[in-house]
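Okay, protein-v5.cif now, which holds mmCIF, C-alpha atoms:
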```cif
data_start
#
loop_
_atom_site.label_atom_id
_atom_site.label_comp_id
_atom_site.auth_asym_id
_atom_site.auth_seq_id
_atom_site.Cartn_x
_atom_site.Cartn_y
_atom_site.Cartn_z
CA MET O 19 0.25 21.95 11.38
CA ILE O 20 -1.22 18.73 12.81
CA ASP O 21 -2.07 18.01 16.45
CA TRP O 22 -1.04 14.36 16.56
CA GLY O 23 -2.58 13.73 19.97
CA THR O 24 -5.92 15.05 18.74
CA ALA O 25 -5.69 12.75 15.72
CA VAL O 26 -5.20 9.67 17.92
CA GLN O 27 -7.90 10.69 20.39
CA THR O 28 -10.43 11.51 17.66
CA GLY O 29 -9.76 8.32 15.73
CA SER O 30 -9.94 6.12 18.83
CA ARG O 31 -13.19 7.77 19.92
CA LEU O 32 -14.90 7.52 16.52
CA VAL O 33 -13.77 4.06 15.40
CA ARG O 34 -16.42 1.37 15.50
CA PRO O 35 -15.88 -1.52 17.92
CA GLY O 36 -14.82 -4.83 16.45
CA PRO O 37 -16.69 -8.14 16.71
CA GLN O 38 -17.37 -9.26 20.25
CA ILE O 39 -15.66 -12.57 20.99
CA PRO O 40 -14.62 -14.21 24.29
CA ALA O 41 -11.24 -13.17 25.70
CA GLU O 42 -9.76 -16.67 25.33
CA GLU O 43 -10.82 -16.82 21.69
CA ALA O 44 -9.29 -13.39 21.08
CA LYS O 45 -5.97 -14.59 22.54
CA ALA O 46 -6.11 -17.67 20.31
CA VAL O 47 -6.68 -15.48 17.24
CA VAL O 48 -3.64 -13.34 18.07
CA ALA O 49 -1.46 -16.41 18.63
CA GLU O 50 -2.56 -18.04 15.37
CA LEU O 51 -2.01 -14.87 13.33
CA LYS O 52 1.55 -14.63 14.63
CA GLU O 53 2.14 -18.30 13.83
CA LEU O 54 0.66 -18.01 10.33
CA SER O 55 2.57 -14.82 9.52
CA ALA O 56 5.85 -16.62 10.21
CA LEU O 57 4.68 -19.60 8.11
CA ALA O 58 3.62 -17.30 5.28
CA GLN O 59 7.02 -15.64 5.31
CA VAL O 60 8.66 -19.00 4.50
CA HIS O 61 6.22 -19.68 1.63
CA VAL O 62 6.70 -16.18 0.19
CA ARG O 63 10.50 -16.40 0.31
CA GLU O 64 10.52 -19.78 -1.45
CA PHE O 65 7.99 -18.79 -4.11
CA THR O 66 9.28 -15.31 -4.96
CA ARG O 67 12.99 -16.20 -4.69
CA MET O 68 13.58 -12.78 -3.16
CA ASP O 69 16.61 -12.20 -0.95
CA VAL O 70 14.84 -11.81 2.38
CA PRO O 71 16.05 -12.75 5.88
CA PRO O 72 15.66 -16.51 6.43
CA GLU O 73 14.50 -16.24 10.05
CA PRO O 74 10.70 -15.81 10.08
CA GLN O 75 9.55 -12.92 12.24
CA PRO O 76 5.94 -12.90 13.48
CA ALA O 77 3.71 -9.96 12.70
CA THR O 78 2.59 -7.40 15.25
CA VAL O 79 -1.13 -7.94 15.94
CA VAL O 80 -3.19 -4.89 16.94
CA ASP O 81 -6.78 -3.78 17.48
CA ARG O 82 -8.38 -0.84 15.67
CA PRO O 83 -7.17 1.92 18.06
CA GLY O 84 -3.71 0.33 17.94
CA TRP O 85 -3.73 0.59 14.14
CA ILE O 86 -4.72 4.26 14.36
CA LYS O 87 -1.87 5.05 16.77
CA ALA O 88 0.64 3.15 14.64
CA ASN O 89 -0.35 5.11 11.55
CA VAL O 90 -0.17 8.45 13.34
CA ASP O 91 3.33 7.52 14.51
CA GLY O 92 4.25 6.74 10.90
CA PHE O 93 2.81 10.02 9.65
CA ARG O 94 4.87 11.89 12.23
CA VAL O 95 8.08 10.28 11.02
CA VAL O 96 7.36 11.31 7.42
CA LEU O 97 5.62 14.65 7.86
CA GLU O 98 7.26 16.44 10.77
CA PRO O 99 10.62 17.06 9.01
CA LEU O 100 8.72 18.33 5.97
CA MET O 101 6.53 20.60 8.09
CA ASP O 102 9.62 22.12 9.67
CA ARG O 103 10.99 22.89 6.21
CA LEU O 104 7.69 24.36 5.03
CA SER O 105 7.20 26.47 8.16
CA LYS O 106 10.58 28.14 7.64
CA LYS O 107 9.32 29.40 4.27
CA ARG O 108 6.37 31.19 5.85
CA PRO O 109 6.82 34.70 7.23
CA GLY O 110 6.18 35.10 10.95
CA SER O 111 2.82 36.57 11.93
CA GLY O 112 3.21 37.11 15.67
CA ALA O 113 0.86 35.98 18.41
CA THR O 114 -2.19 36.03 16.13
CA GLY O 115 -0.53 33.66 13.71
CA LEU O 116 0.44 31.35 16.58
CA VAL O 117 -3.19 31.13 17.76
CA VAL O 118 -4.40 30.47 14.23
CA ASP O 119 -1.80 27.72 13.83
CA MET O 120 -2.84 26.09 17.12
CA VAL O 121 -6.52 26.08 16.17
CA GLY O 122 -5.72 24.92 12.65
CA SER O 123 -3.54 22.06 13.90
CA ARG O 124 -6.38 20.75 16.06
CA VAL O 125 -8.84 20.97 13.18
CA THR O 126 -6.40 19.06 10.98
CA GLY O 127 -5.89 16.53 13.78
CA VAL O 128 -9.65 15.96 14.00
CA GLN O 129 -9.85 15.52 10.22
CA MET O 130 -6.99 13.02 10.21
CA GLY O 131 -8.52 11.14 13.15
CA ALA O 132 -11.91 10.89 11.43
CA ILE O 133 -10.35 9.47 8.25
CA LEU O 134 -8.25 6.97 10.23
CA ALA O 135 -11.34 5.91 12.20
CA TYR O 136 -13.07 5.06 8.93
CA MET O 137 -10.04 3.19 7.58
CA ALA O 138 -9.35 1.38 10.85
CA SER O 139 -12.42 -0.84 10.44
CA ARG O 140 -11.44 -1.83 6.88
CA VAL O 141 -7.69 -2.53 6.83
CA LEU O 142 -6.72 -6.18 7.35
CA GLY O 143 -3.00 -5.57 7.57
CA GLN O 144 -0.13 -3.47 6.30
CA TYR O 145 3.62 -3.23 6.21
CA GLU O 146 4.53 -0.08 8.12
CA LEU O 147 7.42 1.51 6.26
CA PHE O 148 7.99 4.37 8.66
CA LEU O 149 8.44 3.82 12.37
CA PRO O 150 9.79 6.08 15.11
CA PRO O 151 13.56 5.48 15.39
CA ASP O 152 14.71 2.91 17.91
CA PRO O 153 17.28 4.48 20.30
CA SER O 154 19.14 1.17 20.48
CA GLY O 155 19.28 0.85 16.70
CA ARG O 156 18.30 -2.83 16.90
CA ALA O 157 14.68 -2.59 15.76
CA PRO O 158 13.89 -3.28 12.08
CA ALA O 159 13.19 -0.36 9.76
CA GLY O 160 9.62 -1.53 9.11
CA ARG O 161 6.97 -3.66 10.78
CA LEU O 162 4.24 -5.98 9.55
CA THR O 163 0.95 -5.28 11.32
CA LEU O 164 -2.24 -7.35 11.26
CA VAL O 165 -5.56 -5.92 12.50
CA ALA O 166 -7.13 -8.88 14.32
CA PRO O 167 -10.74 -7.61 14.72
CA ASN O 168 -10.97 -6.75 11.02
CA ILE O 169 -9.69 -10.16 9.95
CA VAL O 170 -12.18 -11.90 12.24
CA ALA O 171 -15.05 -9.65 11.11
CA THR O 172 -14.27 -10.26 7.42
CA GLU O 173 -13.98 -14.03 7.72
CA GLN O 174 -17.28 -14.11 9.60
CA GLU O 175 -18.96 -11.90 6.99
CA LEU O 176 -17.68 -14.02 4.10
CA GLY O 177 -18.38 -17.34 5.80
CA VAL O 178 -14.95 -18.77 4.93
CA ASP O 179 -12.61 -21.13 6.75
CA PRO O 180 -10.90 -18.98 9.43
CA ARG O 181 -7.43 -20.56 9.27
CA ASP O 182 -7.36 -20.54 5.48
CA PHE O 183 -8.43 -16.91 5.37
CA ARG O 184 -5.89 -15.82 7.98
CA LEU O 185 -3.04 -17.54 6.15
CA TRP O 186 -4.24 -16.08 2.84
CA VAL O 187 -4.12 -12.55 4.30
CA CYS O 188 -0.70 -13.23 5.78
CA LEU O 189 0.64 -14.33 2.38
CA HIS O 190 -0.29 -10.93 0.89
CA GLU O 191 1.12 -8.90 3.75
CA GLU O 192 4.28 -10.98 4.03
CA THR O 193 4.90 -10.32 0.34
CA HIS O 194 5.06 -6.63 1.20
CA ARG O 195 7.58 -7.39 3.94
CA ALA O 196 9.66 -9.30 1.40
CA GLN O 197 9.52 -6.41 -1.06
CA PHE O 198 10.71 -3.78 1.38
CA THR O 199 13.30 -5.92 3.18
CA GLY O 200 14.57 -7.81 0.13
CA VAL O 201 14.93 -4.74 -2.13
CA PRO O 202 17.29 -2.38 -0.27
CA TRP O 203 16.53 0.76 -2.29
CA LEU O 204 12.72 0.44 -2.46
CA ARG O 205 11.86 2.00 0.90
CA GLY O 206 14.12 5.01 0.26
CA TYR O 207 12.68 5.45 -3.22
CA VAL O 208 9.08 5.53 -1.95
CA GLN O 209 10.01 7.95 0.85
CA ASP O 210 11.84 10.24 -1.58
CA GLN O 211 8.84 10.35 -3.94
CA MET O 212 6.50 11.07 -1.02
CA THR O 213 8.79 13.89 0.15
CA ARG O 214 8.90 15.40 -3.32
CA PHE O 215 5.11 15.16 -3.57
CA LEU O 216 4.50 16.92 -0.27
CA LEU O 217 7.08 19.66 -0.84
CA ALA O 218 5.53 20.40 -4.23
CA SER O 219 2.31 21.46 -2.44
CA ASP O 220 3.69 24.86 -1.36
CA ILE O 221 1.32 26.94 -3.54
CA SER O 222 0.10 30.52 -3.53
CA PRO O 223 -3.16 31.63 -1.86
CA SER O 224 -4.84 32.16 -5.25
CA ASP O 225 -3.84 28.67 -6.37
CA MET O 226 -5.14 27.31 -3.08
CA LEU O 227 -8.56 28.82 -3.81
CA ASP O 228 -8.56 27.05 -7.16
CA ARG O 229 -7.65 23.78 -5.43
CA LEU O 230 -10.49 24.22 -2.93
CA LYS O 231 -12.91 24.80 -5.80
CA ASP O 232 -11.65 21.66 -7.50
CA ALA O 233 -12.07 19.75 -4.24
CA ALA O 234 -15.68 20.88 -3.92
CA GLU O 235 -16.36 19.77 -7.48
CA ALA O 236 -14.71 16.41 -6.72
CA VAL O 237 -17.05 15.88 -3.77
CA ALA O 238 -20.06 16.69 -5.94
CA ASP O 239 -18.85 14.32 -8.66
CA ALA O 240 -18.24 11.50 -6.18
CA VAL O 241 -21.76 11.90 -4.78
CA ARG O 242 -23.11 11.59 -8.31
CA GLY O 243 -21.15 8.37 -8.73
CA GLY O 244 -18.18 9.76 -10.66
CA ASP O 245 -14.53 8.81 -10.33
CA SER O 246 -13.16 12.04 -8.83
CA THR O 247 -11.00 11.90 -5.71
CA LEU O 248 -9.86 14.60 -3.33
CA ILE O 249 -6.21 13.86 -3.98
CA ASP O 250 -6.73 14.41 -7.72
CA ALA O 251 -8.46 17.71 -7.04
CA ILE O 252 -5.77 19.30 -4.88
CA GLN O 253 -2.67 18.32 -6.87
CA THR O 254 -0.34 20.73 -8.59
CA PRO O 255 0.96 19.78 -12.08
CA GLU O 256 4.33 18.83 -10.54
CA GLN O 257 2.58 16.62 -7.99
CA ARG O 258 0.69 14.81 -10.75
CA GLU O 259 3.98 13.71 -12.32
CA ILE O 260 5.30 12.50 -8.98
CA LEU O 261 2.03 10.77 -8.16
CA ASP O 262 2.19 8.87 -11.45
CA ARG O 263 5.52 7.38 -10.34
CA LEU O 264 4.18 6.61 -6.86
CA THR O 265 1.03 5.07 -8.31
CA ALA O 266 3.10 2.87 -10.61
CA VAL O 267 5.27 1.47 -7.82
CA MET O 268 2.32 0.97 -5.45
CA THR O 269 0.33 -0.73 -8.21
CA LEU O 270 3.29 -3.06 -8.70
CA VAL O 271 3.72 -3.96 -5.02
CA GLU O 272 -0.03 -4.40 -4.41
CA GLY O 273 -0.45 -6.47 -7.55
CA HIS O 274 2.57 -8.56 -6.63
CA GLY O 275 1.01 -9.21 -3.22
CA ASP O 276 -2.28 -10.31 -4.77
CA PHE O 277 -0.48 -12.52 -7.30
CA VAL O 278 1.60 -14.26 -4.64
CA MET O 279 -1.29 -14.87 -2.24
CA ASP O 280 -3.26 -16.61 -4.97
CA ALA O 281 -0.33 -18.42 -6.63
CA VAL O 282 0.95 -19.85 -3.34
CA GLY O 283 -2.57 -20.33 -2.05
CA PRO O 284 -3.69 -23.57 -3.74
CA GLU O 285 -0.87 -25.54 -2.12
CA VAL O 286 -1.30 -24.21 1.40
CA VAL O 287 -4.81 -22.69 1.42
CA PRO O 288 -7.22 -25.38 0.13
CA SER O 289 -10.22 -23.02 -0.09
CA VAL O 290 -8.35 -20.17 -1.82
CA ALA O 291 -10.66 -20.11 -4.86
CA ASP O 292 -13.75 -19.72 -2.66
CA ILE O 293 -12.05 -17.03 -0.57
CA ARG O 294 -10.96 -15.03 -3.62
CA SER O 295 -14.41 -15.18 -5.20
CA LYS O 296 -16.18 -13.99 -2.05
CA PHE O 297 -13.55 -11.38 -1.26
CA ASN O 298 -13.73 -9.80 -4.72
CA HIS O 299 -17.53 -9.62 -4.45
CA ARG O 300 -17.21 -7.91 -1.07
CA ARG O 301 -14.79 -5.30 -2.44
CA GLY O 302 -17.48 -3.96 -4.75
CA GLY O 303 -20.24 -3.85 -2.12
CA GLY O 304 -21.35 -1.30 0.46
CA SER O 305 -23.94 1.42 0.78
CA ARG O 306 -24.08 4.43 -1.52
CA LEU O 307 -22.53 6.60 1.23
CA ASP O 308 -19.75 4.09 1.75
CA LYS O 309 -19.02 3.99 -1.97
CA THR O 310 -18.92 7.79 -2.10
CA ILE O 311 -16.43 7.95 0.78
CA ARG O 312 -14.31 5.26 -0.84
CA ARG O 313 -14.15 7.20 -4.09
CA LEU O 314 -13.28 10.46 -2.34
CA LEU O 315 -10.49 8.90 -0.28
CA GLY O 316 -9.11 7.00 -3.27
CA ILE O 317 -9.89 3.56 -1.82
CA ASP O 318 -11.55 2.44 -5.04
CA LEU O 319 -8.38 3.52 -6.84
CA LYS O 320 -6.42 1.18 -4.56
CA MET O 321 -8.77 -1.66 -5.46
CA LYS O 322 -8.08 -0.90 -9.12
CA GLN O 323 -4.35 -1.04 -8.36
CA TYR O 324 -4.72 -4.57 -7.00
CA ALA O 325 -6.36 -5.72 -10.23
CA GLU O 326 -4.09 -3.88 -12.68
CA GLY O 327 -0.93 -4.79 -10.79
CA SER O 328 -1.93 -8.43 -10.50
CA ARG O 329 -2.59 -8.62 -14.24
CA PHE O 330 0.85 -7.13 -14.94
CA VAL O 331 2.64 -9.60 -12.65
CA ARG O 332 0.71 -12.60 -13.98
CA ARG O 333 1.49 -11.70 -17.59
CA VAL O 334 5.18 -11.07 -16.97
CA HIS O 335 5.53 -14.22 -14.86
CA ALA O 336 3.81 -16.30 -17.55
CA GLU O 337 6.15 -15.01 -20.28
CA VAL O 338 9.55 -14.72 -18.59
CA GLY O 339 9.19 -16.65 -15.33
CA MET O 340 9.99 -15.59 -11.78
CA ASP O 341 13.62 -14.74 -12.46
CA GLY O 342 12.56 -12.56 -15.38
CA PHE O 343 9.95 -10.81 -13.31
CA ASN O 344 12.40 -10.20 -10.46
CA LYS O 345 14.41 -7.93 -12.75
CA VAL O 346 11.78 -5.36 -11.76
CA TRP O 347 13.59 -4.99 -8.40
CA ARG O 348 17.02 -4.15 -9.83
CA SER O 349 16.71 -0.35 -9.58
CA PRO O 350 14.18 2.48 -9.89
CA ALA O 351 14.92 2.48 -13.62
CA THR O 352 13.53 -1.06 -13.98
CA LEU O 353 10.21 -0.27 -12.29
CA PRO O 354 7.28 -0.27 -14.72
CA THR O 355 5.53 2.91 -15.72
CA MET O 356 1.73 3.08 -15.65
CA ASP O 357 1.82 2.71 -19.45
CA GLU O 358 3.87 -0.49 -19.09
CA ILE O 359 1.55 -1.84 -16.39
CA ALA O 360 -1.31 -1.42 -18.86
CA ASP O 361 0.77 -3.14 -21.58
CA PRO O 362 3.26 -5.54 -19.94
CA SER O 363 4.86 -6.38 -23.29
CA LYS O 364 6.46 -2.93 -23.27
CA TRP O 365 8.15 -3.59 -19.91
CA ILE O 366 9.20 -7.07 -21.01
CA ALA O 367 10.81 -5.64 -24.15
CA ARG O 368 12.57 -2.88 -22.18
CA VAL O 369 13.74 -4.83 -19.12
CA ALA O 370 13.08 -8.54 -19.14
CA ALA O 371 13.64 -9.77 -22.70
CA PRO O 372 14.86 -13.37 -22.16
CA PRO O 373 18.55 -14.00 -23.03
CA ALA O 374 17.50 -17.07 -25.04
CA VAL O 375 15.59 -14.86 -27.48
CA GLU O 376 18.55 -12.53 -27.87
CA GLY O 377 20.83 -15.54 -28.48
CA GLU O 378 18.54 -16.88 -31.18
CA VAL O 379 18.65 -13.56 -32.98
CA LEU O 380 22.44 -13.43 -32.79
CA SER O 381 22.75 -17.01 -34.11
CA LEU O 382 21.26 -15.89 -37.41
CA GLU O 383 24.31 -13.72 -38.09
CA LYS O 384 26.60 -16.20 -39.86
CA PRO O 385 30.23 -15.45 -40.83
CA SER O 386 30.89 -14.30 -44.36
CA GLY O 387 31.24 -17.18 -46.82
CA THR O 388 29.20 -19.65 -44.74
CA GLU O 389 26.66 -21.61 -46.75
CA SER O 390 23.00 -20.89 -46.07
#
```
Mind turning this structure into structure tokens?
Amino acid sequence: MIDWGTAVQTGSRLVRPGPQIPAEEAKAVVAELKELSALAQVHVREFTRMDVPPEPQPATVVDRPGWIKANVDGFRVVLEPLMDRLSKKRPGSGATGLVVDMVGSRVTGVQMGAILAYMASRVLGQYELFLPPDPSGRAPAGRLTLVAPNIVATEQELGVDPRDFRLWVCLHEETHRAQFTGVPWLRGYVQDQMTRFLLASDISPSDMLDRLKDAAEAVADAVRGGDSTLIDAIQTPEQREILDRLTAVMTLVEGHGDFVMDAVGPEVVPSVADIRSKFNHRRGGGSRLDKTIRRLLGIDLKMKQYAEGSRFVRRVHAEVGMDGFNKVWRSPATLPTMDEIADPSKWIARVAAPPAVEGEVLSLEKPSGTES
């Protein structure tokens, strides 16, 4: 279904080159990012009080083609087992069907490569949940990756202090590492929801035509400046329900990352207020074409997740403290819904109501015969 080699080749060929800096400076950037990622891990563990490994592990630092290859490897881990299951549902169509599949897989590979080439010049870092299995079994389940040329390009564009900005980025990304290493069930939950979402896409040819029509209308709406995205257009009703759950958990983890990077920031990143102000302004910029592409690919939706999730975490933390907020990680049942993210008081009442409040209510129930 997807020619992975074509995806890597296409993405690497199309991606824009990063900023040109001397080789020695590039080596220094890589070394500092690894140092700061380990430092950020200590700050995140102390601030969040999450049960994460105490030995700081440096991030993996890559260039843009390296990020593309890493993401293709991750897609393979997630998608290939699903594709095998889906292909068994399709009736065989002989040699003609094989040729069609080969051509179609290359087309899909080109499409994936083009999208990754666009994203590869924007992403500062990510926690890679899905990696090819390590034959020795010693490698961690996930990996924190920082894209050095994008970090350098962004700090130059914003005109901010390089070390402060690099540590600030590391604080956000290390929070994601803490989430997925400190909460044992979270990675499996996200993978299960993704699997359910993809398997729910096995629709009939007539339904596929309707989805293609919806996709065309989404493109037209995005060009006009609307909020439509391709992923909204091609969903089945079952997928919409699953996507709501995925959106809720990703809004939580992204908002938590933004909250931590700013809350820890003032103590260790002196210019954090300046960085945040300039970074938020940059998020809303770009040409009309760039904004259209961002809407179609759902990137603007991700920016909205940062803001909504951060508001949720700030409100909960302000009302019930860090220990109260950390009840969110107990199980999938304690994750907030999108409705609760919009109104944190609902989640607080359902999950994190402080014991002190409950005790005060119980203290009003006096034994029979006691004077008022």
Inset, instruction - Tell me which protein, DNA and RNA residues are within 7 Å of stretch 43-51 of chain O, counting only C-alpha atoms, leaving out same-chain ones fewer than 4 positions away, and put them as a list in words. - result: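 Near neighbours after the sequence-gap exclusion: Ile39, Ser55, Val79, Ala166 and Arg184 of chain O.
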Inset, instruction - Fewer than 4 positions away in the same chain doesn't count, so skip those; otherwise give me all residues within 8 Å of O:Arg67, counting all atoms listed in the file, as number ranges by chain. - result: O: 62-63, 340-341
Inset, instruction - Using atom CA of O:Asp361 and atom CA of O:Phe330 as the two end points, give the distance in Å to one decimal. - result: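 Taking atom CA of O:Asp361 as the start and atom CA of O:Phe330 as the end point, the length is 7.7 Å.
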Legend entry - Spatial neighbours of O:Arg300, max dist 10 Å, only C-alpha atoms, sep filter under 5 positions, as a list of chain:residue names: O:Thr172, O:Glu175, O:Leu176, O:Arg294, O:Ser295
Inset, instruction - Find the residues around O:Gln27 up to 12 Å (all atoms listed in the file counted), leave out those fewer than 5 positions away in its own chain, and share them as JSON, numbers by chain. - result: {"O": [21, 22, 32, 33, 83, 84, 86, 87, 90, 124, 127, 128, 129, 130, 131, 132, 134, 135]}
Inset, instruction - I would like the residues chosen by the PyMOL selection byres ((chain O and resi 66) around 12) on the shown file; could you give them as a VMD selection string? - result: chain O and resid 58 to 65 67 to 70 189 192 to 194 196 to 197 200 274 to 275 277 to 279 281 to 282 331 335 339 to 345 347
Inset, instruction - Considering all atoms listed in the file, state which residue in the set O:Arg348, O:Arg205, O:Arg82, O:Arg94 is at the smallest distance from O:Ile169. - result: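 Ranked by minimum distance to O:Ile169, first place goes to O:Arg82.
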Legend entry - Expected selection from the PyMOL selection byres ((chain O and resi 78) around 8), given as a VMD selection string: chain O and resid 52 76 to 77 79 to 80 161 to 164
Inset, instruction - Name all residues at most 9 Å from O:Gly160 (count all atoms listed in the file; drop same-chain ones fewer than 2 positions away) and give them as number ranges by chain. - result: O: 145-149, 157-158, 162, 195, 198-199
